Each structure stands twice: as structure tokens, then as C-alpha cells.
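Student: Pasting upload.csv here (CSV, N, CA and C atoms):
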```csv
chain,number,residue,atom,x,y,z
A,1,MET,N,0.8,-1.2,0.0
A,1,MET,CA,0.0,0.0,0.0
A,1,MET,C,0.9,1.2,0.0
A,2,SER,N,0.6,2.2,-0.9
A,2,SER,CA,1.4,3.4,-1.0
A,2,SER,C,1.0,4.5,0.0
A,3,MET,N,1.9,5.3,0.4
A,3,MET,CA,1.6,6.4,1.3
A,3,MET,C,0.8,7.5,0.6
A,4,SER,N,-0.1,8.2,1.3
A,4,SER,CA,-0.8,9.3,0.8
A,4,SER,C,0.2,10.5,0.6
A,5,LEU,N,-0.2,11.5,-0.1
A,5,LEU,CA,0.6,12.7,-0.2
A,5,LEU,C,0.9,13.3,1.1
A,6,ASP,N,-0.1,13.4,2.0
A,6,ASP,CA,0.1,14.0,3.3
A,6,ASP,C,1.1,13.1,4.1
A,7,GLU,N,1.0,11.8,4.0
A,7,GLU,CA,2.0,11.0,4.7
A,7,GLU,C,3.4,11.1,4.2
A,8,ARG,N,3.5,11.3,2.9
A,8,ARG,CA,4.8,11.5,2.3
A,8,ARG,C,5.4,12.8,2.7
A,9,ALA,N,4.6,13.8,2.8
A,9,ALA,CA,5.1,15.1,3.2
A,9,ALA,C,5.6,15.1,4.7
A,10,ARG,N,4.7,14.5,5.5
A,10,ARG,CA,5.1,14.4,7.0
A,10,ARG,C,6.4,13.5,7.1
A,11,SER,N,6.5,12.4,6.4
A,11,SER,CA,7.6,11.6,6.5
A,11,SER,C,8.9,12.3,6.0
A,12,ALA,N,8.7,13.0,4.9
A,12,ALA,CA,9.9,13.7,4.3
A,12,ALA,C,10.4,14.8,5.3
A,13,VAL,N,9.4,15.5,5.9
A,13,VAL,CA,9.8,16.6,6.8
A,13,VAL,C,10.5,15.9,8.0
A,14,ALA,N,10.0,14.8,8.6
A,14,ALA,CA,10.7,14.2,9.7
A,14,ALA,C,12.1,13.7,9.3
A,15,ALA,N,12.2,13.2,8.1
A,15,ALA,CA,13.5,12.7,7.7
A,15,ALA,C,14.5,13.9,7.5
A,16,LEU,N,14.0,15.0,7.0
A,16,LEU,CA,14.9,16.1,6.8
A,16,LEU,C,15.3,16.7,8.2
A,17,LEU,N,14.3,16.8,9.1
A,17,LEU,CA,14.7,17.2,10.5
A,17,LEU,C,15.8,16.4,11.0
A,18,HIS,N,15.6,15.1,10.9
A,18,HIS,CA,16.7,14.1,11.4
A,18,HIS,C,18.0,14.3,10.7
A,19,ALA,N,18.0,14.4,9.4
A,19,ALA,CA,19.2,14.5,8.6
A,19,ALA,C,20.0,15.8,8.8
A,20,THR,N,19.3,16.8,9.2
A,20,THR,CA,19.9,18.1,9.4
A,20,THR,C,20.2,18.4,10.9
A,21,GLY,N,19.6,17.6,11.8
A,21,GLY,CA,19.7,17.8,13.2
A,21,GLY,C,18.9,19.0,13.7
A,22,GLU,N,18.0,19.4,12.9
A,22,GLU,CA,17.1,20.5,13.3
A,22,GLU,C,15.9,20.0,14.1
A,23,SER,N,15.4,20.9,14.9
A,23,SER,CA,14.2,20.6,15.7
A,23,SER,C,13.0,21.2,15.0
A,24,GLN,N,11.8,20.8,15.5
A,24,GLN,CA,10.6,21.4,15.0
A,24,GLN,C,10.6,22.9,15.2
A,25,ALA,N,11.1,23.3,16.4
A,25,ALA,CA,11.2,24.7,16.7
A,25,ALA,C,12.1,25.5,15.7
A,26,ASP,N,13.2,24.8,15.3
A,26,ASP,CA,14.1,25.4,14.3
A,26,ASP,C,13.4,25.6,13.0
A,27,LEU,N,12.6,24.6,12.5
A,27,LEU,CA,11.9,24.7,11.3
A,27,LEU,C,10.8,25.7,11.4
A,28,ALA,N,10.1,25.7,12.5
A,28,ALA,CA,9.0,26.7,12.7
A,28,ALA,C,9.6,28.1,12.6
A,29,ALA,N,10.7,28.4,13.2
A,29,ALA,CA,11.3,29.7,13.2
A,29,ALA,C,11.7,30.1,11.7
A,30,ALA,N,12.2,29.1,11.0
A,30,ALA,CA,12.6,29.4,9.6
A,30,ALA,C,11.3,29.7,8.7
A,31,LEU,N,10.2,29.1,9.1
A,31,LEU,CA,9.0,29.2,8.3
A,31,LEU,C,8.1,30.4,8.8
A,32,GLY,N,8.5,30.9,10.0
A,32,GLY,CA,7.7,32.0,10.5
A,32,GLY,C,6.4,31.6,11.1
A,33,VAL,N,6.4,30.4,11.6
A,33,VAL,CA,5.2,29.8,12.3
A,33,VAL,C,5.6,29.3,13.7
A,34,SER,N,4.6,28.9,14.5
A,34,SER,CA,4.9,28.4,15.8
A,34,SER,C,5.3,26.9,15.7
A,35,GLN,N,6.0,26.5,16.8
A,35,GLN,CA,6.4,25.1,16.8
A,35,GLN,C,5.2,24.2,16.9
A,36,THR,N,4.1,24.8,17.6
A,36,THR,CA,2.9,24.0,17.7
A,36,THR,C,2.3,23.8,16.3
A,37,GLN,N,2.4,24.8,15.4
A,37,GLN,CA,1.8,24.6,14.1
A,37,GLN,C,2.6,23.5,13.3
A,38,VAL,N,3.9,23.4,13.5
A,38,VAL,CA,4.7,22.4,12.9
A,38,VAL,C,4.3,21.0,13.5
A,39,SER,N,4.2,21.0,14.8
A,39,SER,CA,3.8,19.8,15.5
A,39,SER,C,2.5,19.2,15.0
A,40,ARG,N,1.5,20.1,14.9
A,40,ARG,CA,0.2,19.7,14.4
A,40,ARG,C,0.3,19.1,13.0
A,41,ARG,N,1.1,19.7,12.1
A,41,ARG,CA,1.2,19.2,10.8
A,41,ARG,C,1.9,17.9,10.8
A,42,GLN,N,2.9,17.7,11.6
A,42,GLN,CA,3.7,16.5,11.7
A,42,GLN,C,2.9,15.3,12.3
A,43,SER,N,1.9,15.7,13.2
A,43,SER,CA,1.1,14.6,13.8
A,43,SER,C,-0.1,14.2,13.0
A,44,GLY,N,-0.3,15.0,12.0
A,44,GLY,CA,-1.5,14.7,11.1
A,44,GLY,C,-2.8,15.5,11.5
A,45,GLU,N,-2.7,16.2,12.6
A,45,GLU,CA,-3.9,17.0,13.0
A,45,GLU,C,-4.2,18.1,11.9
A,46,ALA,N,-3.2,18.6,11.3
A,46,ALA,CA,-3.3,19.6,10.2
A,46,ALA,C,-2.4,19.1,9.0
A,47,ALA,N,-2.8,19.6,7.9
A,47,ALA,CA,-2.0,19.2,6.7
A,47,ALA,C,-1.0,20.2,6.3
A,48,TRP,N,0.1,19.8,5.7
A,48,TRP,CA,1.1,20.7,5.1
A,48,TRP,C,0.4,21.2,3.8
A,49,SER,N,0.2,22.5,3.7
A,49,SER,CA,-0.3,23.0,2.4
A,49,SER,C,0.8,23.0,1.4
A,50,LEU,N,0.3,23.1,0.1
A,50,LEU,CA,1.3,23.1,-1.0
A,50,LEU,C,2.3,24.3,-0.8
A,51,ALA,N,1.7,25.5,-0.4
A,51,ALA,CA,2.6,26.7,-0.2
A,51,ALA,C,3.6,26.4,0.9
A,52,ALA,N,3.2,25.7,2.0
A,52,ALA,CA,4.1,25.4,3.1
A,52,ALA,C,5.1,24.4,2.6
A,53,CYS,N,4.7,23.4,1.8
A,53,CYS,CA,5.7,22.5,1.2
A,53,CYS,C,6.8,23.2,0.4
A,54,ASP,N,6.3,24.2,-0.4
A,54,ASP,CA,7.3,25.0,-1.1
A,54,ASP,C,8.3,25.7,-0.2
A,55,GLU,N,7.8,26.2,0.9
A,55,GLU,CA,8.6,26.9,1.9
A,55,GLU,C,9.6,26.0,2.6
A,56,VAL,N,9.1,24.8,3.0
A,56,VAL,CA,9.9,23.8,3.6
A,56,VAL,C,11.0,23.3,2.6
A,57,ALA,N,10.7,23.1,1.4
A,57,ALA,CA,11.6,22.6,0.4
A,57,ALA,C,12.7,23.7,0.2
A,58,ALA,N,12.3,25.0,0.1
A,58,ALA,CA,13.2,26.1,-0.1
A,58,ALA,C,14.2,26.2,1.1
A,59,HIS,N,13.6,26.0,2.3
A,59,HIS,CA,14.4,26.0,3.5
A,59,HIS,C,15.6,25.0,3.5
A,60,TYR,N,15.2,23.8,3.0
A,60,TYR,CA,16.2,22.7,2.9
A,60,TYR,C,17.0,22.7,1.7
A,61,GLY,N,16.7,23.6,0.7
A,61,GLY,CA,17.5,23.7,-0.5
A,61,GLY,C,17.2,22.5,-1.5
A,62,ILE,N,15.9,22.0,-1.4
A,62,ILE,CA,15.5,20.9,-2.3
A,62,ILE,C,14.3,21.4,-3.1
A,63,GLY,N,13.9,20.6,-4.1
A,63,GLY,CA,12.7,20.9,-4.9
A,63,GLY,C,11.5,20.5,-4.2
A,64,ALA,N,10.4,21.2,-4.4
A,64,ALA,CA,9.1,20.8,-3.8
A,64,ALA,C,8.7,19.4,-4.2
A,65,LEU,N,9.0,19.0,-5.4
A,65,LEU,CA,8.6,17.6,-5.9
A,65,LEU,C,9.5,16.6,-5.2
A,66,ASP,N,10.7,16.9,-4.9
A,66,ASP,CA,11.6,16.0,-4.1
A,66,ASP,C,11.0,15.8,-2.7
A,67,LEU,N,10.5,16.9,-2.1
A,67,LEU,CA,9.9,16.8,-0.8
A,67,LEU,C,8.6,15.9,-0.9
A,68,LEU,N,7.8,16.1,-1.9
A,68,LEU,CA,6.5,15.4,-2.0
A,68,LEU,C,6.7,14.0,-2.4
A,69,ALA,N,7.9,13.6,-2.9
A,69,ALA,CA,8.2,12.3,-3.4
A,69,ALA,C,8.4,11.3,-2.2
A,70,GLY,N,8.7,11.9,-1.0
A,70,GLY,CA,8.8,11.1,0.2
A,70,GLY,C,10.2,11.3,0.8
A,71,PRO,N,10.4,10.6,2.0
A,71,PRO,CA,11.6,10.8,2.8
A,71,PRO,C,12.9,10.4,2.1
A,72,THR,N,12.9,9.3,1.3
A,72,THR,CA,14.1,8.9,0.7
A,72,THR,C,14.6,9.9,-0.4
A,73,ARG,N,13.7,10.3,-1.2
A,73,ARG,CA,14.1,11.3,-2.3
A,73,ARG,C,14.4,12.6,-1.6
A,74,ALA,N,13.7,13.0,-0.6
A,74,ALA,CA,14.0,14.3,0.0
A,74,ALA,C,15.4,14.3,0.6
A,75,THR,N,15.7,13.3,1.4
A,75,THR,CA,17.0,13.3,2.0
A,75,THR,C,18.1,13.1,1.0
A,76,GLU,N,17.9,12.3,-0.1
A,76,GLU,CA,18.9,12.2,-1.1
A,76,GLU,C,19.2,13.5,-1.8
A,77,SER,N,18.2,14.4,-1.9
A,77,SER,CA,18.3,15.7,-2.6
A,77,SER,C,18.9,16.7,-1.7
A,78,LEU,N,19.0,16.5,-0.4
A,78,LEU,CA,19.5,17.5,0.6
A,78,LEU,C,20.9,17.8,0.3
A,79,PRO,N,21.3,19.1,0.1
A,79,PRO,CA,22.6,19.5,-0.2
A,79,PRO,C,23.6,19.0,1.0
A,80,ALA,N,24.8,18.6,0.6
A,80,ALA,CA,25.7,18.1,1.6
A,80,ALA,C,26.0,19.1,2.8
A,81,ASP,N,26.0,20.4,2.5
A,81,ASP,CA,26.3,21.3,3.5
A,81,ASP,C,25.1,21.5,4.5
A,82,ARG,N,23.9,20.9,4.2
A,82,ARG,CA,22.8,21.0,5.1
A,82,ARG,C,22.7,19.8,6.0
A,83,ARG,N,23.5,18.8,5.7
A,83,ARG,CA,23.4,17.5,6.5
A,83,ARG,C,24.1,17.7,7.8
A,84,ARG,N,23.6,17.0,8.8
A,84,ARG,CA,24.2,17.0,10.2
A,84,ARG,C,25.6,16.4,10.0
A,85,ALA,N,26.6,17.1,10.7
A,85,ALA,CA,28.0,16.6,10.6
A,85,ALA,C,28.0,15.2,11.2
A,86,ALA,N,28.8,14.3,10.6
A,86,ALA,CA,29.0,13.0,11.2
A,86,ALA,C,29.5,13.1,12.6
A,87,GLY,N,28.9,12.4,13.5
A,87,GLY,CA,29.4,12.4,14.9
A,87,GLY,C,28.7,13.4,15.7
A,88,ARG,N,28.0,14.4,15.1
A,88,ARG,CA,27.3,15.4,15.9
A,88,ARG,C,25.9,14.9,16.2
A,89,GLN,N,25.6,14.9,17.4
A,89,GLN,CA,24.3,14.3,17.9
A,89,GLN,C,23.4,15.5,18.4
A,90,THR,N,22.1,15.3,18.2
A,90,THR,CA,21.2,16.3,18.9
A,90,THR,C,21.2,15.9,20.4
A,91,ASP,N,20.7,16.9,21.2
A,91,ASP,CA,20.6,16.6,22.6
A,91,ASP,C,19.8,15.3,22.9
A,92,GLY,N,18.7,15.1,22.1
A,92,GLY,CA,17.9,13.9,22.3
A,92,GLY,C,18.6,12.7,22.1
A,93,ALA,N,19.4,12.7,21.0
A,93,ALA,CA,20.2,11.5,20.6
A,93,ALA,C,21.3,11.2,21.7
A,94,ARG,N,21.9,12.3,22.2
A,94,ARG,CA,22.9,12.1,23.3
A,94,ARG,C,22.3,11.6,24.5
A,95,ALA,N,21.1,12.0,24.9
A,95,ALA,CA,20.4,11.5,26.1
A,95,ALA,C,20.0,10.1,25.9
A,96,THR,N,19.6,9.7,24.7
A,96,THR,CA,19.2,8.3,24.4
A,96,THR,C,20.5,7.4,24.5
A,97,ALA,N,21.6,7.9,23.9
A,97,ALA,CA,22.8,7.1,24.0
A,97,ALA,C,23.3,6.9,25.4
A,98,ALA,N,23.2,8.0,26.2
A,98,ALA,CA,23.6,7.9,27.6
A,98,ALA,C,22.7,7.0,28.4
A,99,HIS,N,21.5,7.0,28.1
A,99,HIS,CA,20.5,6.1,28.8
A,99,HIS,C,20.8,4.7,28.5
A,100,HIS,N,21.3,4.4,27.3
A,100,HIS,CA,21.5,3.0,26.9
A,100,HIS,C,23.0,2.6,27.0
A,101,GLY,N,23.7,3.4,27.8
A,101,GLY,CA,25.1,3.1,28.0
A,101,GLY,C,26.1,3.6,27.0
A,102,GLY,N,25.7,4.4,26.1
A,102,GLY,CA,26.5,5.0,25.0
A,102,GLY,C,27.2,6.2,25.5
A,103,ALA,N,27.8,6.9,24.5
A,103,ALA,CA,28.6,8.1,24.8
A,103,ALA,C,27.8,9.2,25.5
```
For the file at hand, write its structure as C-alpha cells.
Tutor:
Amino acid sequence: MSMSLDERARSAVAALLHATGESQADLAAALGVSQTQVSRRQSGEAAWSLAACDEVAAHYGIGALDLLAGPTRATESLPADRRRAAGRQTDGARATAAHHGGA
């Protein structure tokens, strides 16, 4: 079963957040919306509009069609300078690693 367009957009945004190490708050600030609005879109309570998809794609330096194609295409299209540096962890990843006996 294939994902709906809404599901592909949400999955792509989640993958891009992970790949760049950005938080929902970081994305919200870049888009000029609240973190709550991003959270509602990511949870499926609200949809990502096409205009918002254009803005998200521009923020990450990818094409809107790459974003709407889903998480694999979106992250493959992400410019190298936008990717999280290898070995750099977000605070959440660091906390998880520490909780599980990691660094």
C-alpha cells in the first residue's frame, strides 16, 4: 500500500529534520510559524499546504517535488552542507545514547 501525499510530506519533513539535526522549533522559526503549528502538521492534525511544502523545500534547498516524493528522495536531494555533521548528535540522541550506556 502506498503512502498518501500527506503521509509522504510528513515523513519527508521528519527525515529532513533528522538528517539536518534541526528541531521542529528550528523549522518553525525558519517558516515564521509556531512550533505548535509544525507539530500539528507532523502529527497529522493539520495538513502541510502546498505553499508550506514550497517553503519547507526552499528552507532545505531541495525541490518541492523531491519533498513530496517522500523521505528517501527528500534526504537524497538534501545538499551536503545542510546535512548534520557525522558524529554530531542532537541533545535527544545524546540523552538516548547515555541512557543506553553509550557516549
Student: Env of Ile62 of chain A: 8 Å cut, atoms = only N, CA and C atoms, seq-sep filter 5 positions within chain, self excluded. Answer as an mmCIF file with N, CA and C atoms, in the frame of the given file.
Tutor:
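Output below, filename part_9.cif:
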```cif
data_model
loop_
_atom_site.group_PDB
_atom_site.id
_atom_site.type_symbol
_atom_site.label_atom_id
_atom_site.label_comp_id
_atom_site.auth_asym_id
_atom_site.auth_seq_id
_atom_site.Cartn_x
_atom_site.Cartn_y
_atom_site.Cartn_z
ATOM 1 N N ASP A 54 6.300 24.200 -0.400
ATOM 2 C CA ASP A 54 7.300 25.000 -1.100
ATOM 3 C C ASP A 54 8.300 25.700 -0.200
ATOM 4 N N VAL A 56 9.100 24.800 3.000
ATOM 5 C CA VAL A 56 9.900 23.800 3.600
ATOM 6 C C VAL A 56 11.000 23.300 2.600
ATOM 7 N N ALA A 57 10.700 23.100 1.400
ATOM 8 C CA ALA A 57 11.600 22.600 0.400
ATOM 9 C C ALA A 57 12.700 23.700 0.200
ATOM 10 N N LEU A 67 10.500 16.900 -2.100
ATOM 11 C CA LEU A 67 9.900 16.800 -0.800
ATOM 12 C C LEU A 67 8.600 15.900 -0.900
ATOM 13 N N ALA A 74 13.700 13.000 -0.600
ATOM 14 C CA ALA A 74 14.000 14.300 0.000
ATOM 15 C C ALA A 74 15.400 14.300 0.600
ATOM 16 N N SER A 77 18.200 14.400 -1.900
ATOM 17 C CA SER A 77 18.300 15.700 -2.600
ATOM 18 C C SER A 77 18.900 16.700 -1.700
ATOM 19 N N LEU A 78 19.000 16.500 -0.400
ATOM 20 C CA LEU A 78 19.500 17.500 0.600
ATOM 21 C C LEU A 78 20.900 17.800 0.300
ATOM 22 N N PRO A 79 21.300 19.100 0.100
ATOM 23 C CA PRO A 79 22.600 19.500 -0.200
ATOM 24 C C PRO A 79 23.600 19.000 1.000
#
```
Student: Using only C-alpha atoms, which residue out of A:Gly70, A:Gln37, A:Leu31, A:Ala15 lies closest to Ala52 of chain A?
Tutor: A:Leu31
Student: With only C-alpha atoms as the basis for distance, which of A:Ser4, A:Val38, A:Ala47, A:Leu65 is at the shortest distance from Leu17 of chain A?
Tutor: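 The closest residue to Leu17 of chain A is A:Val38.
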Student: Give me every helix (DSSP H, G or I) residue in chain A, going by DSSP on the backbone, as a ChimeraX atom specification.
Tutor: /A:5-20,24-31,35-43,50-60,64-68,71-77,80-82,91-99
Student: Pick from A:His18, A:Tyr60, A:Leu50, A:Glu55: nearest to Asp81 of chain A, with only C-alpha atoms counted?
Tutor: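 Nearest candidate to Asp81 of chain A out of A:His18, A:Tyr60, A:Leu50, A:Glu55: A:Tyr60.
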Student: Mind giving me the straight-line distance from atom CA of Arg41 of chain A to atom CA of Ala80 of chain A in Å, one decimal?
Tutor: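 Rounded to one decimal, the two atoms are 26.2 Å apart.
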Student: At a cut-off of 9 Å, using only C-alpha atoms, what residues contact Leu68 of chain A? Leave out same-chain residues fewer than 5 positions from it and give the result as a ChimeraX atom specification.
Tutor: /A:5-6,8-9,12,53,63,73-74
Student: Could you check which of A:Arg83, A:Thr36, A:Ala64, A:Pro71 is closest to Val13 of chain A, using all atoms listed in the file?
Tutor: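 Distance minimum relative to Val13 of chain A lands on A:Pro71.
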Student: What is the atom N of Glu22 of chain A-atom CA of Glu7 of chain A distance in Å, reported with one decimal?
Tutor: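 These atoms are spaced 19.8 Å apart.
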Student: Compare A:Ala85, A:His59, A:Ala51, A:Gln24 by their minimum atom-to-atom distance to Ser39 of chain A, counting all atoms listed in the file, and give me the closest one.
Tutor: A:Gln24
